[in-house]
Structures are given as C-alpha cells and as structure tokens.
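Trainee: Next comes the structure file my_file_31.csv, holding CSV, C-alpha atoms.
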chain,number,residue,atom,x,y,z
J,1,MET,CA,64.9,-54.3,-2.6
J,2,LYS,CA,68.4,-55.6,-1.9
J,3,VAL,CA,71.5,-53.5,-2.3
J,4,ASN,CA,75.1,-54.8,-2.1
J,5,SER,CA,78.3,-52.8,-2.2
J,6,ILE,CA,80.4,-55.1,-4.3
J,7,LEU,CA,83.5,-53.2,-5.4
J,8,PHE,CA,85.6,-50.2,-4.6
J,9,ILE,CA,87.8,-48.9,-7.4
J,10,PHE,CA,90.4,-46.2,-7.0
J,11,LEU,CA,91.2,-44.2,-10.0
J,12,LEU,CA,93.4,-41.2,-10.6
J,13,SER,CA,91.8,-37.9,-11.2
J,14,TYR,CA,93.8,-36.2,-13.9
J,15,ALA,CA,92.7,-32.8,-12.5
J,16,ASN,CA,94.9,-33.0,-9.4
J,17,VAL,CA,96.3,-36.5,-9.4
J,18,VAL,CA,94.5,-37.6,-6.3
J,19,ALA,CA,92.5,-40.8,-5.9
J,20,PHE,CA,88.7,-40.7,-6.1
J,21,GLN,CA,86.5,-43.5,-4.9
J,22,VAL,CA,83.9,-45.2,-7.1
J,23,GLU,CA,81.5,-47.6,-5.5
J,24,ILE,CA,79.5,-50.1,-7.6
J,25,LEU,CA,76.0,-50.8,-6.1
J,26,LYS,CA,73.7,-53.5,-7.3
J,27,ILE,CA,69.9,-53.1,-6.7
J,28,ASP,CA,67.6,-56.0,-6.9
J,29,SER,CA,64.7,-53.9,-8.3
J,30,LYS,CA,61.1,-55.0,-7.5
J,31,VAL,CA,59.8,-52.4,-10.0
J,32,LEU,CA,61.8,-53.7,-12.9
J,33,GLY,CA,61.9,-57.3,-11.8
J,34,GLU,CA,65.7,-57.6,-12.3
J,35,GLU,CA,69.0,-56.5,-10.9
J,36,ARG,CA,70.3,-53.1,-11.8
J,37,GLU,CA,73.7,-51.4,-11.3
J,38,LEU,CA,74.6,-48.0,-10.0
J,39,ILE,CA,78.0,-46.3,-10.1
J,40,VAL,CA,78.6,-43.8,-7.2
J,41,SER,CA,81.4,-41.3,-6.7
J,42,VAL,CA,81.6,-39.2,-3.5
J,43,PRO,CA,83.7,-36.0,-3.0
J,44,ILE,CA,87.3,-36.5,-1.9
J,45,ASP,CA,86.6,-35.1,1.6
J,46,TYR,CA,83.4,-37.0,2.1
J,47,LYS,CA,84.7,-39.1,5.1
J,48,GLU,CA,86.4,-36.2,6.8
J,49,SER,CA,83.3,-34.0,6.9
J,50,ASN,CA,79.6,-34.1,7.9
J,51,ARG,CA,78.6,-31.9,4.9
J,52,LYS,CA,75.6,-32.7,2.8
J,53,TYR,CA,75.8,-32.7,-1.0
J,54,GLU,CA,73.7,-32.3,-4.1
J,55,VAL,CA,73.4,-35.5,-6.1
J,56,ILE,CA,73.7,-35.5,-9.9
J,57,TYR,CA,72.3,-38.6,-11.6
J,58,VAL,CA,73.9,-39.5,-15.0
J,59,LEU,CA,71.9,-41.8,-17.3
J,60,ASP,CA,73.7,-44.2,-19.7
J,61,ALA,CA,76.5,-44.9,-17.2
J,62,GLN,CA,77.1,-48.3,-18.9
J,63,GLU,CA,79.3,-46.1,-21.1
J,64,ARG,CA,81.7,-44.8,-18.4
J,65,LYS,CA,82.8,-41.9,-20.6
J,66,PHE,CA,79.5,-40.1,-19.7
J,67,PHE,CA,79.9,-40.6,-16.0
J,68,ASP,CA,83.6,-39.7,-16.1
J,69,ALA,CA,82.9,-36.5,-18.2
J,70,VAL,CA,80.4,-35.3,-15.6
J,71,LYS,CA,82.8,-36.1,-12.7
J,72,ASN,CA,85.8,-34.4,-14.2
J,73,THR,CA,83.8,-31.3,-15.4
J,74,ILE,CA,82.5,-30.8,-11.9
J,75,ASP,CA,86.1,-30.9,-10.5
J,76,PHE,CA,87.3,-28.4,-13.1
J,77,GLN,CA,84.3,-25.9,-13.1
J,78,ASN,CA,83.3,-25.4,-9.5
J,79,TYR,CA,86.5,-24.2,-7.8
J,80,ASN,CA,86.1,-27.1,-5.4
J,81,LEU,CA,83.2,-25.1,-3.8
J,82,VAL,CA,80.4,-27.3,-5.0
J,83,PRO,CA,81.5,-30.9,-4.6
J,84,MET,CA,78.7,-33.3,-5.6
J,85,ILE,CA,77.8,-37.0,-5.2
J,86,ILE,CA,77.7,-38.5,-8.7
J,87,VAL,CA,75.4,-41.4,-9.4
J,88,GLY,CA,75.6,-43.3,-12.8
J,89,ILE,CA,72.5,-45.3,-13.7
J,90,VAL,CA,73.4,-48.2,-15.9
J,91,SER,CA,71.0,-49.4,-18.7
J,92,SER,CA,71.5,-52.7,-20.5
J,93,ASN,CA,68.8,-51.7,-23.0
J,94,ARG,CA,68.7,-48.0,-23.2
J,95,ASN,CA,65.8,-47.6,-25.7
J,96,GLN,CA,63.7,-50.0,-23.7
J,97,ASP,CA,64.4,-47.9,-20.5
J,98,PHE,CA,64.1,-44.5,-22.0
J,99,LEU,CA,61.3,-44.5,-24.5
J,100,PRO,CA,57.6,-44.6,-23.7
J,101,ASP,CA,55.0,-46.5,-25.7
J,102,VAL,CA,54.6,-45.2,-29.3
J,103,ASN,CA,51.6,-44.2,-31.3
J,104,HIS,CA,52.7,-44.7,-34.9
J,105,ILE,CA,53.4,-47.9,-36.8
J,106,GLU,CA,56.5,-46.3,-38.5
J,107,THR,CA,58.1,-45.8,-35.0
J,108,LYS,CA,57.2,-49.3,-33.9
J,109,LYS,CA,59.0,-50.7,-37.0
J,110,SER,CA,62.1,-48.6,-36.5
J,111,LEU,CA,62.4,-49.7,-32.8
J,112,ALA,CA,61.3,-53.3,-33.2
J,113,LEU,CA,64.9,-54.6,-32.8
J,114,THR,CA,65.9,-52.4,-29.9
J,115,GLY,CA,62.7,-52.2,-27.8
J,116,TYR,CA,60.8,-49.4,-26.2
J,117,GLY,CA,57.9,-48.7,-23.9
J,118,ASN,CA,59.6,-49.0,-20.4
J,119,ALA,CA,59.9,-45.3,-19.6
J,120,GLU,CA,57.1,-45.2,-17.0
J,121,LYS,CA,58.6,-48.2,-15.1
J,122,PHE,CA,62.1,-46.8,-15.4
J,123,GLN,CA,60.9,-43.5,-13.9
J,124,LYS,CA,59.3,-45.4,-11.0
J,125,PHE,CA,62.5,-47.4,-10.5
J,126,ILE,CA,64.5,-44.2,-10.1
J,127,LEU,CA,61.9,-42.4,-7.9
J,128,GLU,CA,61.1,-45.3,-5.6
J,129,GLU,CA,64.3,-47.3,-5.5
J,130,VAL,CA,67.3,-45.3,-6.7
J,131,PHE,CA,66.6,-42.0,-5.0
J,132,SER,CA,65.6,-43.7,-1.7
J,133,GLU,CA,68.7,-45.9,-1.6
J,134,ILE,CA,71.1,-43.0,-2.4
J,135,ASP,CA,69.4,-40.8,0.2
J,136,LYS,CA,69.6,-43.6,2.8
J,137,ARG,CA,73.3,-44.5,2.2
J,138,TYR,CA,74.8,-41.0,1.7
J,139,ARG,CA,74.5,-37.5,3.1
J,140,THR,CA,72.4,-35.8,0.5
J,141,LEU,CA,70.7,-32.5,0.0
J,142,PRO,CA,67.1,-32.6,-1.4
J,143,ARG,CA,68.0,-31.0,-4.7
J,144,LYS,CA,68.5,-33.6,-7.5
J,145,LEU,CA,70.1,-33.0,-10.9
J,146,GLY,CA,69.6,-35.2,-13.9
J,147,VAL,CA,71.8,-35.6,-17.0
J,148,GLY,CA,70.5,-37.3,-20.1
J,149,TYR,CA,71.9,-37.6,-23.6
J,150,SER,CA,70.1,-38.5,-26.8
J,151,ASN,CA,67.2,-40.8,-25.9
J,152,GLY,CA,68.3,-40.4,-22.2
J,153,ALA,CA,67.4,-36.7,-22.7
J,154,THR,CA,64.2,-37.7,-24.4
J,155,PHE,CA,63.4,-39.7,-21.2
J,156,LEU,CA,64.0,-36.7,-19.0
J,157,ASN,CA,61.8,-34.6,-21.2
J,158,TYR,CA,59.1,-37.3,-21.0
J,159,ASN,CA,59.3,-37.2,-17.2
J,160,LEU,CA,59.4,-33.4,-17.1
J,161,ILE,CA,56.0,-33.5,-18.8
J,162,ASN,CA,54.5,-36.3,-16.8
J,163,ASN,CA,56.2,-35.6,-13.5
J,164,PRO,CA,57.7,-32.1,-13.6
J,165,ASN,CA,59.2,-32.5,-10.1
J,166,PHE,CA,61.1,-35.7,-11.0
J,167,PHE,CA,64.4,-33.6,-11.0
J,168,ASP,CA,65.1,-30.1,-9.8
J,169,ILE,CA,67.8,-29.4,-12.4
J,170,TYR,CA,67.8,-30.9,-15.9
J,171,PHE,CA,70.6,-31.2,-18.4
J,172,LEU,CA,69.0,-32.2,-21.7
J,173,ILE,CA,71.7,-33.0,-24.2
J,174,ASP,CA,70.6,-33.4,-27.9
J,175,ALA,CA,67.3,-35.1,-27.1
J,176,ASN,CA,65.4,-36.9,-29.9
J,177,LEU,CA,62.3,-34.6,-30.0
J,178,SER,CA,61.2,-35.8,-33.4
J,179,PHE,CA,60.5,-39.2,-31.7
J,180,ASP,CA,57.2,-40.8,-32.7
J,181,LYS,CA,56.2,-37.8,-34.8
J,182,ARG,CA,56.8,-35.3,-32.0
J,183,GLN,CA,54.9,-37.3,-29.4
J,184,LEU,CA,56.4,-35.3,-26.5
J,185,GLN,CA,55.5,-31.9,-28.0
J,186,ASN,CA,51.9,-33.1,-28.6
J,187,SER,CA,51.7,-34.2,-24.9
J,188,LEU,CA,53.2,-31.0,-23.7
J,189,SER,CA,50.6,-29.0,-25.7
J,190,ASN,CA,47.8,-30.6,-23.6
J,191,LYS,CA,49.5,-30.1,-20.2
J,192,ASN,CA,49.3,-27.2,-17.7
J,193,LEU,CA,52.7,-27.8,-16.1
J,194,SER,CA,52.9,-24.4,-14.4
J,195,GLU,CA,50.4,-25.5,-11.8
J,196,GLU,CA,52.4,-28.7,-11.0
J,197,ILE,CA,55.9,-27.2,-10.7
J,198,GLU,CA,57.2,-26.9,-7.2
J,199,GLY,CA,59.8,-24.2,-6.8
J,200,LYS,CA,62.0,-23.0,-9.7
J,201,LYS,CA,63.7,-25.4,-12.0
J,202,PHE,CA,67.0,-24.9,-13.9
J,203,ILE,CA,66.9,-26.4,-17.4
J,204,TYR,CA,69.9,-26.6,-19.8
J,205,ALA,CA,69.1,-27.9,-23.2
J,206,CYS,CA,71.1,-28.2,-26.4
J,207,ALA,CA,70.8,-29.6,-29.9
J,208,THR,CA,73.0,-30.4,-32.9
J,209,ASN,CA,72.4,-30.1,-36.6
J,210,GLN,CA,71.4,-33.7,-37.2
J,211,ASN,CA,68.8,-32.9,-39.8
J,212,SER,CA,66.1,-30.3,-40.4
J,213,GLU,CA,63.4,-32.1,-38.5
J,214,TRP,CA,65.8,-32.8,-35.5
J,215,VAL,CA,66.6,-29.1,-35.3
J,216,ASN,CA,63.1,-27.9,-35.8
J,217,SER,CA,61.5,-30.3,-33.4
J,218,SER,CA,64.0,-29.3,-30.7
J,219,LYS,CA,63.4,-25.6,-31.3
J,220,ASP,CA,59.6,-26.0,-31.3
J,221,PHE,CA,59.5,-28.2,-28.2
J,222,TYR,CA,61.8,-26.0,-26.0
J,223,THR,CA,60.0,-22.8,-27.2
J,224,LEU,CA,56.7,-24.3,-26.1
J,225,LEU,CA,58.2,-25.5,-22.8
J,226,ASN,CA,59.7,-22.1,-22.0
J,227,GLN,CA,56.3,-20.5,-22.7
J,228,LYS,CA,54.4,-22.9,-20.6
J,229,LEU,CA,56.8,-22.6,-17.7
J,230,SER,CA,57.5,-18.9,-17.9
J,231,GLY,CA,58.6,-17.6,-14.5
J,232,LYS,CA,59.0,-21.1,-13.2
J,233,ILE,CA,62.2,-22.1,-14.9
J,234,ILE,CA,65.7,-20.7,-15.5
J,235,PHE,CA,66.3,-21.8,-19.1
J,236,ARG,CA,69.6,-22.0,-20.9
J,237,LYS,CA,69.9,-23.3,-24.4
J,238,ASP,CA,72.7,-24.0,-26.9
J,239,PHE,CA,72.8,-25.0,-30.6
J,240,PHE,CA,76.0,-26.7,-31.6
J,241,GLU,CA,76.4,-26.3,-35.3
J,242,ALA,CA,80.0,-27.5,-35.2
J,243,GLU,CA,79.4,-30.6,-33.1
J,244,SER,CA,77.8,-33.9,-34.2
J,245,HIS,CA,75.4,-36.0,-32.2
J,246,GLN,CA,78.4,-38.2,-31.4
J,247,THR,CA,80.7,-35.5,-30.2
J,248,VAL,CA,78.4,-33.0,-28.4
J,249,PHE,CA,78.3,-34.5,-24.9
J,250,GLN,CA,81.6,-33.3,-23.6
J,251,GLN,CA,81.1,-29.7,-24.7
J,252,ALA,CA,77.5,-29.7,-23.7
J,253,ILE,CA,78.1,-30.9,-20.1
J,254,ILE,CA,80.8,-28.2,-19.7
J,255,ASN,CA,78.4,-25.5,-20.9
J,256,GLY,CA,75.5,-26.9,-18.9
J,257,LEU,CA,77.3,-27.2,-15.6
J,258,LYS,CA,79.1,-23.9,-16.0
J,259,ALA,CA,75.7,-22.2,-16.6
J,260,TYR,CA,74.2,-23.9,-13.5
J,261,PHE,CA,77.2,-23.0,-11.3
J,262,ASN,CA,77.2,-19.4,-12.6
J,263,TYR,CA,73.4,-19.1,-11.8
J,264,GLN,CA,73.2,-20.9,-8.5
J,265,TYR,CA,76.7,-20.7,-6.9
J,266,PHE,CA,78.6,-17.8,-8.5
J,267,ASN,CA,75.8,-15.3,-8.1
J,268,ALA,CA,76.0,-14.2,-4.5
J,269,SER,CA,72.4,-13.3,-4.1
J,270,ASN,CA,71.1,-16.6,-5.5
J,271,LEU,CA,73.7,-18.5,-3.4
J,272,VAL,CA,72.7,-16.8,-0.2
J,273,ASP,CA,69.0,-17.4,-0.8
J,274,TYR,CA,69.7,-21.1,-1.5
J,275,TYR,CA,71.8,-21.6,1.6
J,276,LYS,CA,69.4,-19.7,3.8
J,277,ASN,CA,66.5,-21.9,2.6
J,278,ILE,CA,68.5,-25.0,3.3
J,279,GLU,CA,69.2,-23.8,6.8
J,280,LYS,CA,65.7,-22.6,7.4
J,281,ALA,CA,64.4,-26.1,6.6
J,282,ASN,CA,66.9,-27.6,9.1
J,283,ILE,CA,68.5,-29.6,6.3
J,284,TYR,CA,72.1,-28.5,6.9
J,285,ASN,CA,73.8,-25.6,8.7
J,286,TYR,CA,76.8,-24.3,6.8
J,287,LYS,CA,80.1,-23.9,8.7
J,288,ASP,CA,82.1,-20.7,9.0
J,289,THR,CA,84.9,-22.4,7.1
J,290,GLU,CA,82.6,-23.1,4.2
J,291,ILE,CA,81.3,-19.5,4.1
J,292,LEU,CA,84.8,-18.1,4.2
J,293,ALA,CA,85.9,-20.4,1.4
J,294,LEU,CA,83.1,-19.1,-0.8
J,295,ALA,CA,83.9,-15.5,0.0
J,296,LYS,CA,87.6,-16.1,-0.7
J,297,ALA,CA,86.8,-17.7,-4.1
J,298,PHE,CA,84.7,-14.7,-5.1
J,299,ASN,CA,87.3,-12.3,-4.0
J,300,ASP,CA,90.2,-14.2,-5.7
J,301,ASN,CA,88.2,-14.0,-8.9
J,302,GLY,CA,87.8,-10.2,-8.8
J,303,LEU,CA,84.2,-10.3,-7.4
J,304,SER,CA,84.8,-8.4,-4.1
J,305,ASN,CA,81.3,-7.0,-4.0
J,306,GLU,CA,79.8,-10.5,-4.3
J,307,ALA,CA,82.2,-11.7,-1.6
J,308,LYS,CA,80.9,-8.9,0.7
J,309,VAL,CA,77.3,-10.0,0.1
J,310,ILE,CA,78.2,-13.5,1.3
J,311,ILE,CA,80.1,-12.2,4.4
J,312,ASP,CA,77.3,-9.8,5.3
J,313,ALA,CA,74.6,-12.4,4.9
J,314,PHE,CA,76.3,-14.9,7.2
J,315,LYS,CA,78.0,-12.5,9.7
J,316,ASN,CA,76.4,-14.4,12.6
J,317,LYS,CA,78.5,-17.5,11.7
J,318,LEU,CA,81.8,-15.8,11.4
J,319,THR,CA,82.6,-15.5,15.1
J,320,PHE,CA,86.3,-15.1,15.9
J,321,GLU,CA,86.1,-17.7,18.7
J,322,SER,CA,86.0,-20.5,16.1
J,323,VAL,CA,89.6,-19.9,15.1
J,324,GLU,CA,91.2,-19.1,18.4
J,325,ASN,CA,92.3,-22.7,18.9
J,326,SER,CA,93.5,-23.1,15.3
J,327,ARG,CA,97.1,-24.1,14.5
J,328,ASP,CA,96.6,-23.2,10.8
J,329,LEU,CA,98.8,-20.1,10.6
J,330,ILE,CA,98.4,-19.8,6.8
J,331,GLY,CA,94.6,-20.2,7.2
J,332,LEU,CA,94.5,-17.3,9.8
J,333,PHE,CA,96.8,-15.2,7.6
J,334,GLU,CA,94.7,-15.7,4.4
J,335,THR,CA,91.4,-15.1,6.3
J,336,GLY,CA,92.8,-11.9,7.7
J,337,THR,CA,93.9,-10.9,4.2
J,338,LEU,CA,90.4,-11.6,2.9
J,339,PHE,CA,88.7,-9.4,5.5
J,340,LEU,CA,91.3,-6.7,4.9
J,341,ASP,CA,90.7,-6.8,1.1
J,342,LEU,CA,87.0,-6.5,1.7
J,343,GLY,CA,87.3,-3.5,4.1
J,344,TYR,CA,86.6,-5.3,7.4
J,345,LYS,CA,89.7,-3.8,9.1
J,346,ASN,CA,88.8,-4.6,12.7
J,347,ILE,CA,88.1,-8.2,12.0
J,348,ALA,CA,91.3,-8.5,9.8
J,349,LYS,CA,93.4,-7.0,12.7
J,350,GLU,CA,92.1,-9.7,15.1
J,351,TYR,CA,93.2,-12.4,12.7
J,352,PHE,CA,96.6,-11.0,12.1
J,353,THR,CA,97.2,-10.4,15.8
J,354,THR,CA,96.2,-14.0,16.6
J,355,CYS,CA,98.3,-15.3,13.8
J,356,ALA,CA,101.3,-13.3,15.2
J,357,GLU,CA,100.7,-14.7,18.7
J,358,LYS,CA,100.6,-18.3,17.4
J,359,LEU,CA,103.7,-17.7,15.3
J,360,GLU,CA,105.6,-17.0,18.5
J,361,LYS,CA,104.0,-19.9,20.3
J,362,PHE,CA,104.9,-22.4,17.6
J,363,LYS,CA,108.3,-21.0,16.6
J,364,THR,CA,110.2,-23.8,18.2
J,365,HIS,CA,108.5,-26.2,15.7
J,366,MET,CA,109.6,-24.1,12.7
J,367,ASN,CA,113.0,-23.6,11.1
J,368,LYS,CA,114.5,-20.1,11.5
J,369,GLN,CA,113.8,-19.1,7.9
J,370,GLN,CA,110.1,-20.1,8.1
J,371,TYR,CA,109.7,-18.1,11.2
J,372,GLU,CA,111.5,-15.0,9.9
J,373,ILE,CA,109.5,-15.0,6.6
J,374,GLY,CA,106.2,-15.4,8.6
J,375,LYS,CA,107.1,-12.6,10.9
J,376,GLU,CA,108.0,-10.3,8.0
J,377,MET,CA,104.7,-11.1,6.3
J,378,LEU,CA,102.7,-10.2,9.4
J,379,GLU,CA,104.6,-7.0,10.1
J,380,GLU,CA,103.7,-5.9,6.5
J,381,LYS,CA,100.0,-6.5,7.2
J,382,MET,CA,100.0,-4.8,10.6
J,383,LYS,CA,101.2,-1.5,8.9
J,384,TYR,CA,97.6,-1.1,7.6
J,385,PHE,CA,96.5,-0.5,11.1
J,386,ASP,CA,99.0,2.1,12.2
Taking this structure as input, can you express it in the form of structure tokens?
Mentor:
Amino acid sequence: MKVNSILFIFLLSYANVVAFQVEILKIDSKVLGEERELIVSVPIDYKESNRKYEVIYVLDAQERKFFDAVKNTIDFQNYNLVPMIIVGIVSSNRNQDFLPDVNHIETKKSLALTGYGNAEKFQKFILEEVFSEIDKRYRTLPRKLGVGYSNGATFLNYNLINNPNFFDIYFLIDANLSFDKRQLQNSLSNKNLSEEIEGKKFIYACATNQNSEWVNSSKDFYTLLNQKLSGKIIFRKDFFEAESHQTVFQQAIINGLKAYFNYQYFNASNLVDYYKNIEKANIYNYKDTEILALAKAFNDNGLSNEAKVIIDAFKNKLTFESVENSRDLIGLFETGTLFLDLGYKNIAKEYFTTCAEKLEKFKTHMNKQQYEIGKEMLEEKMKYFD
C-alpha cells in the first residue's frame, strides 16, 4: 500500500473565521486493486499539542457537503472540548462499494446500471488499509466513529451485522433497509450479535418518510437490533417527517453528534469513566489544563455539580505546581474563579494570590489602566477570604 500526501488546502471555517487544514491522501489499495482517496482534517491545535483524538470516518466524501457538514457540526456542538480528526472516504461508485451481493432478481435489475456487491471488499479496505494508515500517520484514540447516509448507512448496518466491532459509534442516516426485500433484517434475525460485541456501542439512527415500506423496514430493523443488543448499545433514534431523503443529512448529523456528545462528554460520570479507562490502558494521560477546561465548560453552562464530579475524579492531576511558572494572568484568574464557584476556597485562594504576585511582577509590561483594573478585580476576589 502506497500513500502520498498530495495537497494541502486552507479553507475558512465560518464558525470562527480561522483556517483549518485539509489534507488529501491517496491510497494505492491492494484490497480494491485501485487508487482511492481520503480527505483528512485535523483539529486546529493539532501541531501545538501531543493530544490524541477520536477519529470520525465520513462515507460519501466525494460530495464535500457531507464531510464539511460533519466538520462544522463538531466545531459548533462540542464547545471545543472534543476536537476530532475527520476522515472522508471517497467513493467513485457508491452503490458498488456500499451494497453486498443480492438475492432477488428484481434487485439485480434495479441495480444493473449502478453496480453492487463490493461491500465485503470495501469493509476490508477500510479495516486493513484506511484505519491502519490513519492510525500510523496521526495521533489517534482507539475509538472510531462512522457516518453513513442512505446506502452508506446501509453499508454500516451490513457491517454492524457481519462485523459488529467495525466501528464503536455509528451514525446511520436514512438507511435503505428495504434493500433486496429486507436482506439485512433477514440476516440480523439469524445472528447472535450480543456475544460478538466488545464493549458498549453508541448508535444513532434516523429515517424519513420516503414511502411506507421505507418507514416500516427501518422501524422493524432497528427494533430488532435494539432487542438483540439490549444492554450492549446506547440507542438514539429520530424520525424526520418534515425532512426528505435529500434534505435530512444536515439536521440528522446535528442531532446525532449532539446526542453522542451529551451521552459521552457532557455527562460527567460517563466522561470520567471513559477518560479513566483511556489512562488505565496507557493510551493517553489527560493534562490538568484539559481537565480544568472540561470543568469550566460544565460550570459555565450551569452544571456545577457535574463540574465538581470531574474535579474530584482528577484531583491528583490538579497540582498547583503546574501553574506556578505561568505568565497567563487571565488563566490563573479564571481558574481561581472556577474553584471559588465550586466551593474549593483554599485552592481558589492560592490561584488568586499567585495571580496578584505575578501582576506585580509583570506590571512594567502593562499599561497603567490594565494594571489598575487587574488589581481591582483581584481585590474583589480576595474579599471572599477575609
């Protein structure tokens, strides 16, 4: 397998008008016997940190609107606490890639001009070549997220049945589950997936009102899937009566990512368990600044009890020595305010005292007004300790 980085494109993110980097990779695939293209976006601070990131894989990236919708939704919905590496997988013939072999002559006739039957190979391409290359080139966490739309979601469901650990998190947007007279539902009926599942999966699925069979096949398939994997999955489902198959993606990816973030990252107990497991496995050790940023985000959004859960779980990381050499006065002030808000008065006092000392130390580098305002702000805070 040969991979070449051939192009760097700098685009403007309309979320905050800063540049984000997109790298186009070409893979000479031995599995598929042809060259394939990937689109990769890394977080804005990727080069300045040693952090590891979850990777979200977006099918149908030959239409950039799908890749860009996922990228921008992550930027808007995660308070900048859960930056991700985004990988778009390009398909030149999506039905050929996404659909398995078929059983019924009617299906063969309907797909004769577009092709089908490559799903098993395409799965192998992703597992053996795409995942390995991304993990080799970038700092990745083991958890992998997959986004599929229409027959792309059909493909993810096909792989969920045949290789349930293909992805850890699934976003299944308006899948064609009436395909080949409900082939996937029939396959699912004969599978004992609960014995094959490793860990707990998060699945977001949605459907639109295409026609009665489209709606009913989706409802029946996901009901069966939920039954078979009871206790093994966190399942969220939407039905978009007001959206069409053509318009649903944007709203669905917002709902799906929001549901995932709310479950995994904006629930303090789940977040602590996830981070602790990552650290226990020696995959990545979270920094005190990352923990404090999480706690601050919870507190700023009125979730002070959740913020305290995070602080208490990672108290061993929050040693005051890590900030004693800091020149970031506003960072010291805001961290002190966080601890004061949460009732950790002794720790808060240390931050404010250190901030006041540094204000005096650096006063010659500040104009008089900045110094006077900073001094007044700190004096107000120190009144809480009289």
Trainee: Would you please work out which residue, of J:Leu111, J:Leu257, J:Val130, J:Ile203, is nearest to Lys71 of chain J when using all atoms listed in the file?
Mentor: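 Going through J:Leu111, J:Leu257, J:Val130, J:Ile203 one by one, the smallest distance to Lys71 of chain J is for J:Leu257.
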Trainee: Please measure the separation of atom CA of Thr154 of chain J and atom CA of Ile74 of chain J, giving the value in Å to one decimal.
Mentor: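 Atom CA of Ile74 of chain J lies 23.2 Å from atom CA of Thr154 of chain J.
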Trainee: In the coordinate frame of the file, compute which residues have an atom within 12 Å of (62.8, -50.5, -33.0) when using all atoms listed in the file, and state them as an mmCIF file with C-alpha atoms, in the frame of the given file.
Mentor:
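Result written to result39.cif:
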data_model
loop_
_atom_site.group_PDB
_atom_site.id
_atom_site.type_symbol
_atom_site.label_atom_id
_atom_site.label_comp_id
_atom_site.auth_asym_id
_atom_site.auth_seq_id
_atom_site.Cartn_x
_atom_site.Cartn_y
_atom_site.Cartn_z
ATOM 1 C CA ASN J 93 68.800 -51.700 -23.000
ATOM 2 C CA ARG J 94 68.700 -48.000 -23.200
ATOM 3 C CA ASN J 95 65.800 -47.600 -25.700
ATOM 4 C CA GLN J 96 63.700 -50.000 -23.700
ATOM 5 C CA LEU J 99 61.300 -44.500 -24.500
ATOM 6 C CA ASP J 101 55.000 -46.500 -25.700
ATOM 7 C CA VAL J 102 54.600 -45.200 -29.300
ATOM 8 C CA HIS J 104 52.700 -44.700 -34.900
ATOM 9 C CA ILE J 105 53.400 -47.900 -36.800
ATOM 10 C CA GLU J 106 56.500 -46.300 -38.500
ATOM 11 C CA THR J 107 58.100 -45.800 -35.000
ATOM 12 C CA LYS J 108 57.200 -49.300 -33.900
ATOM 13 C CA LYS J 109 59.000 -50.700 -37.000
ATOM 14 C CA SER J 110 62.100 -48.600 -36.500
ATOM 15 C CA LEU J 111 62.400 -49.700 -32.800
ATOM 16 C CA ALA J 112 61.300 -53.300 -33.200
ATOM 17 C CA LEU J 113 64.900 -54.600 -32.800
ATOM 18 C CA THR J 114 65.900 -52.400 -29.900
ATOM 19 C CA GLY J 115 62.700 -52.200 -27.800
ATOM 20 C CA TYR J 116 60.800 -49.400 -26.200
ATOM 21 C CA GLY J 117 57.900 -48.700 -23.900
ATOM 22 C CA PHE J 179 60.500 -39.200 -31.700
ATOM 23 C CA ASP J 180 57.200 -40.800 -32.700
#
Trainee: Counting all atoms listed in the file, which residue out of J:Arg139, J:Asp238, J:Ala175, J:Lys287 sits closest to Ile254 of chain J?
Mentor: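 Ranking J:Arg139, J:Asp238, J:Ala175, J:Lys287 by distance to Ile254 of chain J, first place goes to J:Asp238.
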Trainee: Skipping near chain neighbours, those fewer than 5 positions away, what residues fall within 9 Å of segment 269-272 of chain J using all atoms listed in the file, listed as a PyMOL selection string?
Mentor: chain J and resi 263-264+277+306+309-310+313-314
Trainee: Could you write those residues out with C-alpha atoms, as an mmCIF file, in the frame of the given file?
Mentor:
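Output saved as out_10.cif:
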data_model
loop_
_atom_site.group_PDB
_atom_site.id
_atom_site.type_symbol
_atom_site.label_atom_id
_atom_site.label_comp_id
_atom_site.auth_asym_id
_atom_site.auth_seq_id
_atom_site.Cartn_x
_atom_site.Cartn_y
_atom_site.Cartn_z
ATOM 1 C CA TYR J 263 73.400 -19.100 -11.800
ATOM 2 C CA GLN J 264 73.200 -20.900 -8.500
ATOM 3 C CA ASN J 277 66.500 -21.900 2.600
ATOM 4 C CA GLU J 306 79.800 -10.500 -4.300
ATOM 5 C CA VAL J 309 77.300 -10.000 0.100
ATOM 6 C CA ILE J 310 78.200 -13.500 1.300
ATOM 7 C CA ALA J 313 74.600 -12.400 4.900
ATOM 8 C CA PHE J 314 76.300 -14.900 7.200
#
Trainee: Can you measure atom CA of Asp68 of chain J to atom CA of Ala252 of chain J for me? One decimal in Å is fine.
Mentor: 14.0 Å
Trainee: Nearest to Leu25 of chain J: which of J:Glu379, J:Ser212, J:Tyr79, J:Leu38 is it, counting only C-alpha atoms?
Mentor: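 Once distances to Leu25 of chain J are computed over only C-alpha atoms, the minimum belongs to J:Leu38.
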Trainee: What gap, in Å, lies between atom CA of Ser29 of chain J and atom CA of Ile126 of chain J?
Mentor: 9.9 Å
Trainee: Using only C-alpha atoms, which of the listed residues (J:Ala207, J:Leu145, J:Leu292, J:Ile253) sits closest to Val70 of chain J?
Mentor: J:Ile253
Trainee: What would the list of residues within 10 Å of (73.0, -32.1, 4.3) (file frame) look like as a PyMOL selection string, if all atoms listed in the file are what count?
Mentor: chain J and resi 50-54+138-142+278-279+282-286
Trainee: Go ahead and write the residues just picked, C-alpha atoms, as an mmCIF file, keeping the file's coordinate frame.
Mentor:
data_model
loop_
_atom_site.group_PDB
_atom_site.id
_atom_site.type_symbol
_atom_site.label_atom_id
_atom_site.label_comp_id
_atom_site.auth_asym_id
_atom_site.auth_seq_id
_atom_site.Cartn_x
_atom_site.Cartn_y
_atom_site.Cartn_z
ATOM 1 C CA ASN J 50 79.600 -34.100 7.900
ATOM 2 C CA ARG J 51 78.600 -31.900 4.900
ATOM 3 C CA LYS J 52 75.600 -32.700 2.800
ATOM 4 C CA TYR J 53 75.800 -32.700 -1.000
ATOM 5 C CA GLU J 54 73.700 -32.300 -4.100
ATOM 6 C CA TYR J 138 74.800 -41.000 1.700
ATOM 7 C CA ARG J 139 74.500 -37.500 3.100
ATOM 8 C CA THR J 140 72.400 -35.800 0.500
ATOM 9 C CA LEU J 141 70.700 -32.500 0.000
ATOM 10 C CA PRO J 142 67.100 -32.600 -1.400
ATOM 11 C CA ILE J 278 68.500 -25.000 3.300
ATOM 12 C CA GLU J 279 69.200 -23.800 6.800
ATOM 13 C CA ASN J 282 66.900 -27.600 9.100
ATOM 14 C CA ILE J 283 68.500 -29.600 6.300
ATOM 15 C CA TYR J 284 72.100 -28.500 6.900
ATOM 16 C CA ASN J 285 73.800 -25.600 8.700
ATOM 17 C CA TYR J 286 76.800 -24.300 6.800
#
